[in-house]
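Here is run.cif, consisting of mmCIF, C-alpha atoms:
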```cif
data_data
loop_
_atom_site.label_atom_id
_atom_site.label_comp_id
_atom_site.auth_asym_id
_atom_site.auth_seq_id
_atom_site.Cartn_x
_atom_site.Cartn_y
_atom_site.Cartn_z
CA MET A 266 -40.80 -78.79 55.00
CA ARG A 267 -44.36 -79.44 56.25
CA VAL A 268 -43.76 -83.18 56.15
CA LEU A 269 -40.55 -82.84 58.17
CA LEU A 270 -42.26 -80.71 60.80
CA SER A 271 -45.12 -83.18 61.08
CA TRP A 272 -42.67 -86.03 61.55
CA ARG A 273 -40.93 -84.14 64.34
CA TYR A 274 -44.21 -83.46 66.09
CA PHE A 275 -45.11 -87.14 65.76
CA VAL A 276 -41.85 -88.19 67.43
CA VAL A 277 -42.26 -85.69 70.26
CA LEU A 278 -45.76 -86.98 70.97
CA ILE A 279 -44.52 -90.56 71.11
CA VAL A 280 -41.77 -89.65 73.55
CA THR A 281 -43.82 -87.45 75.86
CA ALA A 282 -47.43 -88.51 75.74
CA GLY A 283 -49.08 -91.28 77.71
CA SER A 284 -46.04 -92.26 79.75
CA SER A 285 -44.23 -91.02 82.82
CA THR A 286 -40.98 -92.51 81.54
CA SER A 287 -38.89 -90.33 79.23
CA PHE A 288 -36.15 -91.22 76.78
CA TYR A 289 -33.56 -90.01 79.29
CA SER A 290 -34.98 -92.03 82.19
CA GLN A 291 -34.53 -95.22 80.11
CA ARG A 292 -30.89 -94.55 79.26
CA GLN A 293 -27.97 -96.50 80.65
CA MET A 294 -25.81 -94.22 82.78
CA THR A 295 -22.03 -94.29 82.37
CA THR A 296 -19.75 -94.03 85.39
CA PRO A 297 -16.41 -92.37 84.57
CA GLU A 298 -13.32 -94.24 85.72
CA PHE A 299 -12.64 -93.71 89.40
CA LEU A 300 -9.40 -91.95 90.25
CA GLN A 301 -6.22 -93.72 91.28
CA LYS A 302 -3.00 -92.36 92.69
CA GLY A 303 -0.92 -90.86 89.92
CA ASP A 304 -3.91 -89.59 87.96
CA THR A 305 -4.19 -85.96 86.85
CA VAL A 306 -6.93 -83.49 87.82
CA ALA A 307 -7.44 -80.23 85.91
CA LEU A 308 -8.51 -77.03 87.65
CA VAL A 309 -10.55 -74.68 85.45
CA ALA A 310 -12.70 -71.60 86.04
CA THR A 311 -15.99 -71.95 84.17
CA ALA A 312 -17.58 -68.84 85.64
CA ARG A 313 -16.22 -66.19 88.02
CA LYS A 314 -12.56 -65.14 87.93
CA ILE A 315 -10.09 -66.50 90.45
CA GLU A 316 -6.36 -66.19 91.11
CA LEU A 317 -4.06 -69.18 91.34
CA GLU A 318 -3.03 -68.28 94.89
CA SER A 319 -6.58 -68.92 96.11
CA LEU A 320 -6.31 -72.51 94.88
CA ARG A 321 -3.17 -73.48 96.80
CA PRO A 322 -5.16 -75.42 99.45
CA ALA A 323 -6.93 -77.41 96.73
CA ILE A 324 -3.67 -78.14 94.93
CA SER A 325 -2.10 -79.32 98.20
CA LEU A 326 -5.12 -81.52 98.88
CA LEU A 327 -4.96 -83.20 95.49
CA GLU A 328 -1.24 -83.80 95.88
CA LYS A 329 -1.88 -85.27 99.34
CA TRP A 330 -4.28 -87.71 97.66
CA GLY A 331 -1.44 -88.74 95.33
CA LEU A 332 -2.80 -86.89 92.30
CA HIS A 333 -1.16 -84.56 89.80
CA VAL A 334 -2.62 -81.15 89.03
CA VAL A 335 -2.78 -79.19 85.79
CA ILE A 336 -3.88 -75.55 85.84
CA GLY A 337 -6.19 -74.29 83.10
CA ALA A 338 -5.70 -71.07 81.14
CA SER A 339 -8.87 -69.69 82.73
CA ILE A 340 -7.22 -69.55 86.15
CA GLY A 341 -5.99 -65.98 86.60
CA ALA A 342 -7.78 -64.78 83.45
CA GLU A 343 -10.15 -61.84 83.79
CA GLU A 344 -12.95 -60.16 81.89
CA HIS A 345 -14.92 -58.08 84.38
CA GLN A 346 -16.52 -60.65 86.71
CA LEU A 347 -15.66 -63.63 84.54
CA ALA A 348 -12.54 -65.77 84.28
CA GLY A 349 -11.74 -64.48 80.82
CA SER A 350 -13.95 -64.34 77.76
CA ASP A 351 -16.56 -66.97 76.96
CA SER A 352 -14.33 -68.28 74.16
CA LEU A 353 -11.34 -68.57 76.50
CA ARG A 354 -13.30 -70.46 79.14
CA ALA A 355 -14.85 -72.70 76.49
CA ALA A 356 -11.48 -73.49 74.94
CA ASP A 357 -9.98 -74.22 78.36
CA PHE A 358 -12.79 -76.58 79.33
CA GLN A 359 -12.70 -78.22 75.88
CA LYS A 360 -8.97 -78.81 76.15
CA MET A 361 -9.29 -80.49 79.54
CA ILE A 362 -12.18 -82.80 78.67
CA ASP A 363 -10.39 -83.85 75.47
CA ASP A 364 -6.97 -84.40 77.07
CA PRO A 365 -6.59 -88.17 77.66
CA SER A 366 -4.11 -87.57 80.48
CA VAL A 367 -6.71 -85.65 82.52
CA LYS A 368 -8.99 -87.93 84.55
CA ALA A 369 -11.17 -85.29 86.25
CA VAL A 370 -12.05 -81.62 85.72
CA TRP A 371 -12.68 -79.63 88.90
CA ALA A 372 -14.34 -76.24 88.79
CA ALA A 373 -12.35 -73.64 90.67
CA LYS A 374 -15.21 -71.32 91.60
CA GLY A 375 -18.89 -70.70 91.00
CA GLY A 376 -20.72 -67.44 90.41
CA TYR A 377 -22.28 -67.19 86.97
CA GLY A 378 -21.03 -67.91 83.48
CA THR A 379 -20.97 -71.63 82.64
CA VAL A 380 -24.20 -71.38 80.65
CA ARG A 381 -22.60 -68.75 78.40
CA PHE A 382 -20.32 -71.32 76.74
CA ILE A 383 -22.04 -74.69 77.21
CA ASP A 384 -23.39 -74.75 73.64
CA ALA A 385 -19.90 -74.18 72.20
CA ILE A 386 -18.50 -77.40 73.68
CA ASP A 387 -18.01 -80.48 71.49
CA PHE A 388 -18.61 -83.52 73.72
CA THR A 389 -17.78 -86.10 71.03
CA ARG A 390 -14.53 -87.31 72.62
CA PHE A 391 -15.94 -86.90 76.11
CA ARG A 392 -18.86 -89.21 75.34
CA HIS A 393 -16.39 -91.85 74.15
CA LYS A 394 -14.17 -91.49 77.22
CA PRO A 395 -16.00 -89.62 80.00
CA LYS A 396 -14.23 -88.27 83.05
CA TRP A 397 -15.44 -86.79 86.32
CA VAL A 398 -16.69 -83.22 86.20
CA ILE A 399 -16.85 -81.73 89.72
CA GLY A 400 -18.51 -78.72 91.30
CA PHE A 401 -21.85 -77.30 92.37
CA SER A 402 -23.98 -74.14 92.14
CA ASP A 403 -23.35 -72.65 88.65
CA MET A 404 -21.98 -76.05 87.60
CA THR A 405 -25.57 -77.33 87.70
CA VAL A 406 -25.66 -76.44 83.99
CA LEU A 407 -22.95 -79.01 83.27
CA HIS A 408 -24.35 -81.58 85.68
CA SER A 409 -27.73 -81.56 83.98
CA HIS A 410 -26.28 -81.37 80.47
CA LEU A 411 -23.97 -84.34 81.06
CA ASN A 412 -26.56 -86.36 82.97
CA ASN A 413 -28.84 -85.96 79.94
CA MET A 414 -26.04 -87.53 77.91
CA GLY A 415 -26.04 -90.49 80.28
CA ILE A 416 -22.86 -89.55 82.15
CA GLU A 417 -22.51 -89.34 85.93
CA THR A 418 -21.03 -86.23 87.59
CA VAL A 419 -19.96 -85.20 91.10
CA HIS A 420 -21.86 -82.46 92.91
CA GLY A 421 -19.37 -81.33 95.54
CA ILE A 422 -17.22 -78.49 96.77
CA MET A 423 -15.38 -76.22 94.36
CA ALA A 424 -11.59 -76.09 94.52
CA PHE A 425 -11.91 -72.61 96.07
CA ASN A 426 -13.95 -74.08 98.95
CA VAL A 427 -11.24 -76.41 100.24
CA LYS A 428 -9.90 -73.86 102.72
CA THR A 429 -13.31 -73.45 104.42
CA ALA A 430 -15.05 -76.81 103.87
CA THR A 431 -15.54 -79.24 106.72
CA PRO A 432 -13.31 -82.34 106.86
CA ALA A 433 -16.43 -84.44 106.21
CA ALA A 434 -17.24 -82.55 103.02
CA ILE A 435 -13.67 -83.03 101.78
CA GLU A 436 -13.63 -86.70 102.70
CA THR A 437 -16.90 -87.43 100.89
CA LEU A 438 -15.46 -85.81 97.77
CA ARG A 439 -12.46 -88.12 97.98
CA LYS A 440 -14.73 -91.14 98.44
CA ALA A 441 -16.85 -90.18 95.44
CA LEU A 442 -13.83 -89.72 93.18
CA PHE A 443 -12.01 -92.86 94.31
CA GLY A 444 -15.08 -95.10 94.14
CA GLU A 445 -15.68 -95.69 97.83
CA THR A 446 -19.16 -96.14 99.30
CA LEU A 447 -21.24 -93.03 99.95
CA GLN A 448 -23.94 -93.30 102.59
CA TYR A 449 -25.57 -90.52 104.60
CA ASN A 450 -27.59 -90.60 107.80
CA VAL A 451 -29.62 -87.41 108.08
CA PRO A 452 -31.30 -86.22 111.31
CA SER A 453 -35.08 -86.03 111.32
CA HIS A 454 -36.77 -82.77 110.37
CA PRO A 455 -40.37 -81.81 111.20
CA TYR A 456 -41.15 -81.23 107.49
CA ASN A 457 -39.80 -84.58 106.29
CA LYS A 458 -42.25 -86.82 104.43
CA GLN A 459 -41.73 -90.50 105.12
CA GLY A 460 -41.25 -93.19 102.54
CA LYS A 461 -38.67 -95.46 100.93
CA VAL A 462 -37.78 -95.20 97.24
CA SER A 463 -34.86 -95.81 94.93
CA GLY A 464 -33.96 -94.03 91.71
CA GLU A 465 -31.47 -91.94 89.83
CA LEU A 466 -30.38 -88.72 91.55
CA VAL A 467 -30.50 -85.49 89.54
CA GLY A 468 -30.74 -81.76 90.24
CA GLY A 469 -28.58 -79.02 91.70
CA ASN A 470 -29.02 -75.32 92.32
CA LEU A 471 -32.68 -74.31 92.16
CA SER A 472 -32.05 -70.96 90.46
CA VAL A 473 -29.92 -72.58 87.77
CA LEU A 474 -32.42 -75.41 87.22
CA TYR A 475 -35.10 -72.74 86.80
CA SER A 476 -32.93 -70.75 84.39
CA ILE A 477 -32.28 -73.68 82.01
CA LEU A 478 -35.91 -74.73 81.66
CA GLY A 479 -36.72 -75.28 77.99
CA SER A 480 -33.07 -75.62 76.96
CA ALA A 481 -31.07 -78.66 75.89
CA SER A 482 -29.65 -78.76 79.42
CA GLN A 483 -33.02 -78.92 81.19
CA VAL A 484 -33.02 -81.58 83.89
CA ASP A 485 -35.31 -84.57 83.39
CA CYS A 486 -37.06 -85.44 86.67
CA ARG A 487 -39.39 -88.20 85.61
CA ASP A 488 -38.90 -91.34 87.71
CA LYS A 489 -35.91 -89.64 89.37
CA ILE A 490 -35.02 -88.34 92.83
CA LEU A 491 -34.53 -84.58 92.69
CA PHE A 492 -32.01 -82.63 94.77
CA ILE A 493 -32.32 -78.85 95.17
CA GLU A 494 -30.43 -76.15 97.08
CA ASP A 495 -29.98 -72.38 96.80
CA LEU A 496 -28.27 -69.29 98.16
CA ASP A 497 -29.00 -65.57 98.54
CA GLU A 498 -32.42 -65.51 96.92
CA TYR A 499 -35.48 -63.49 97.86
CA LEU A 500 -38.13 -65.64 99.46
CA TYR A 501 -40.81 -64.61 96.99
CA HIS A 502 -38.49 -65.74 94.20
CA ILE A 503 -38.13 -69.17 95.82
CA ASP A 504 -41.91 -69.33 95.66
CA ARG A 505 -41.90 -68.13 92.03
CA MET A 506 -39.39 -70.79 90.99
CA MET A 507 -41.15 -73.60 92.84
CA MET A 508 -44.50 -72.57 91.34
CA ASN A 509 -42.93 -72.60 87.88
CA LEU A 510 -41.54 -76.11 88.36
CA LYS A 511 -44.91 -77.26 89.70
CA ARG A 512 -46.78 -75.81 86.72
CA ASN A 513 -44.26 -77.47 84.38
CA GLY A 514 -45.21 -80.83 85.88
CA TRP A 515 -41.87 -81.56 87.53
CA PHE A 516 -43.41 -83.03 90.67
CA LEU A 517 -46.00 -85.27 89.03
CA HIS A 518 -43.61 -88.15 88.43
CA VAL A 519 -40.59 -87.63 90.69
CA LYS A 520 -39.90 -90.48 93.10
CA GLY A 521 -38.61 -88.28 95.90
CA VAL A 522 -36.98 -84.94 96.70
CA ILE A 523 -33.92 -84.03 98.77
CA VAL A 524 -33.73 -80.42 99.91
CA GLY A 525 -30.23 -79.20 100.75
CA GLY A 526 -29.13 -75.87 102.15
CA MET A 527 -31.41 -72.89 101.61
CA THR A 528 -28.82 -70.40 102.75
CA GLU A 529 -28.79 -66.65 103.47
CA MET A 530 -32.25 -65.95 102.10
CA ASN A 531 -33.56 -62.40 101.74
CA ASP A 532 -36.95 -60.89 102.43
CA ASN A 533 -38.72 -57.68 101.41
CA GLN A 534 -39.69 -54.82 103.66
CA VAL A 535 -43.14 -56.36 103.73
CA PRO A 536 -42.31 -59.98 104.74
CA TRP A 537 -43.28 -62.85 102.48
CA GLY A 538 -44.51 -64.70 105.56
CA LYS A 539 -42.76 -68.05 105.12
CA ASP A 540 -39.14 -69.12 105.13
CA ALA A 541 -37.65 -71.11 102.24
CA LEU A 542 -38.39 -74.54 103.70
CA GLN A 543 -41.97 -73.57 104.48
CA ILE A 544 -42.40 -72.38 100.89
CA ILE A 545 -41.13 -75.71 99.59
CA GLN A 546 -43.21 -77.66 102.09
CA ASP A 547 -46.32 -75.81 100.94
CA ILE A 548 -45.62 -76.80 97.31
CA PHE A 549 -45.10 -80.46 98.24
CA LYS A 550 -48.12 -80.87 100.51
CA ASP A 551 -50.29 -82.23 97.70
CA TYR A 552 -47.81 -84.91 96.60
CA ASP A 553 -47.12 -88.30 98.18
CA PHE A 554 -43.39 -88.75 97.46
CA PRO A 555 -40.88 -88.77 100.35
CA VAL A 556 -38.93 -85.59 101.08
CA ILE A 557 -35.76 -84.97 103.11
CA TYR A 558 -35.12 -81.44 104.39
CA ASN A 559 -31.82 -79.91 105.54
CA PHE A 560 -29.64 -82.44 103.74
CA PRO A 561 -25.96 -81.44 104.21
CA ALA A 562 -25.22 -80.24 100.68
CA GLY A 563 -25.25 -76.87 99.00
CA HIS A 564 -23.85 -73.45 99.89
CA ILE A 565 -22.73 -74.55 103.33
CA ARG A 566 -19.35 -75.48 104.79
CA ASP A 567 -20.49 -79.08 105.22
CA ASN A 568 -21.24 -79.58 101.52
CA ARG A 569 -21.23 -83.36 101.22
CA ALA A 570 -20.55 -84.92 97.84
CA LEU A 571 -23.33 -86.39 95.71
CA ILE A 572 -23.08 -88.36 92.48
CA PHE A 573 -25.67 -87.15 89.99
CA GLY A 574 -26.84 -89.82 87.58
CA LYS A 575 -26.19 -92.56 90.16
CA ARG A 576 -29.02 -94.64 91.64
CA ILE A 577 -29.66 -94.07 95.31
CA GLU A 578 -31.92 -95.54 97.95
CA MET A 579 -33.75 -92.92 99.99
CA ASP A 580 -35.35 -94.08 103.26
CA VAL A 581 -37.18 -91.43 105.28
CA ARG A 582 -38.46 -92.46 108.72
CA SER A 583 -39.73 -90.68 111.82
CA ASP A 584 -36.30 -90.94 113.46
CA GLY A 585 -34.27 -89.71 110.48
CA ALA A 586 -33.35 -90.57 106.91
CA ASN A 587 -30.74 -92.61 105.05
CA VAL A 588 -29.38 -91.96 101.57
CA THR A 589 -27.28 -94.77 100.10
CA PHE A 590 -25.58 -94.71 96.71
CA GLN A 591 -25.96 -98.04 94.95
#
```

Using structure tokens, write down the structure that the file contains.
Amino acid sequence: MRVLLSWRYFVVLIVTAGSSTSFYSQRQMTTPEFLQKGDTVALVATARKIELESLRPAISLLEKWGLHVVIGASIGAEEHQLAGSDSLRAADFQKMIDDPSVKAVWAAKGGYGTVRFIDAIDFTRFRHKPKWVIGFSDMTVLHSHLNNMGIETVHGIMAFNVKTATPAAIETLRKALFGETLQYNVPSHPYNKQGKVSGELVGGNLSVLYSILGSASQVDCRDKILFIEDLDEYLYHIDRMMMNLKRNGWFLHVKGVIVGGMTEMNDNQVPWGKDALQIIQDIFKDYDFPVIYNFPAGHIRDNRALIFGKRIEMDVRSDGANVTFQ
């Protein structure tokens, strides 16, 4: 047993010491097949419960795009806040990623709960024939987990959001899924840090990224461009999470950062003294990578689609910023 443990330590040291490039950052990413008319998309609830009626706009949208829709067993299921038990949600997700007729799996709603079943999923078939997994917020668990496997995913609106999302957010989701070019021109922001870099895009919801630190799903930021966004957090907790990521060395080797919506933040009776963007700016002041603030993605109506695991070019200038998916 002592020999085995020593061998494991030896391997870990080789992978992590003396290099800013990790095993994951050297991997070859796999792009799932882009959708075509006639393909089937599955709607599943990985976290909070939701009724089928709330998904009618999403179903109509998919049909308008020429796609077929299959409804998972988790839709309409209920166990307190969740869309059925952990085992039900796991079985539903497993069924859809293993079904060869399903070309994409779209999360119906966020909330909390995906992390409760992630370790029960067998990705053997999925690795062999990956498909698009779509969503944001709580779905960050799956984004990071699958990106670590070398598979690209779509960070975009949930099915539940179709009725309130902007036309631009919906259109960028369609472009991402059908393989059309994604390019964003972002207005300048006084906190932006200029620079031009290219690299793989990773990230998601800040609170979820913080919560999966140290797990098999932890995001790997080295030599990557990191995206973060969040909703309904106390400002001091934004500071706590950012300090934790800083102390874990996340920002030592990132190529750039994109900050999306920091929406509906809360403060204490005694104010923290800085808003969310100021907190983040304060953390980044000692680093020289480019940063974009107020990127149109996150818990906002104009939640533009991103492809995690895909290489992007990020160009931040005094008059604005461009993000182009390569």

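Note that atom CA of Glu445 of chain A and atom CA of Pro297 of chain A are 13.7 Å apart.
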
Near-segment 413-419 of chain A list (8 Å; all atoms listed in the file; drop same-chain fewer than 2 positions) as an MDAnalysis selection string
chainID A and resid 289 292:297 392 395 397:400 408:411 421 441:442 482 484:485 570:575

Radius query 10 Å about (-1.3, -82.9, 93.2), atoms used: only C-alpha atoms, as a list in words
Lys302, Gly303, Asp304, Thr305, Val306, Ala307, Ala323, Ile324, Ser325, Leu326, Leu327, Glu328, Lys329, Trp330, Gly331, Leu332, His333, Val334 and Val335 of chain A

Near-Pro365 of chain A list (10 Å; all atoms listed in the file; drop same-chain fewer than 4 positions) as number ranges by chain:
A: 305, 360-361, 390-391, 394-396

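Atom pair atom CA of Glu529 of chain A / atom CA of Tyr501 of chain A has a distance of 13.8 Å (rounded to one decimal).
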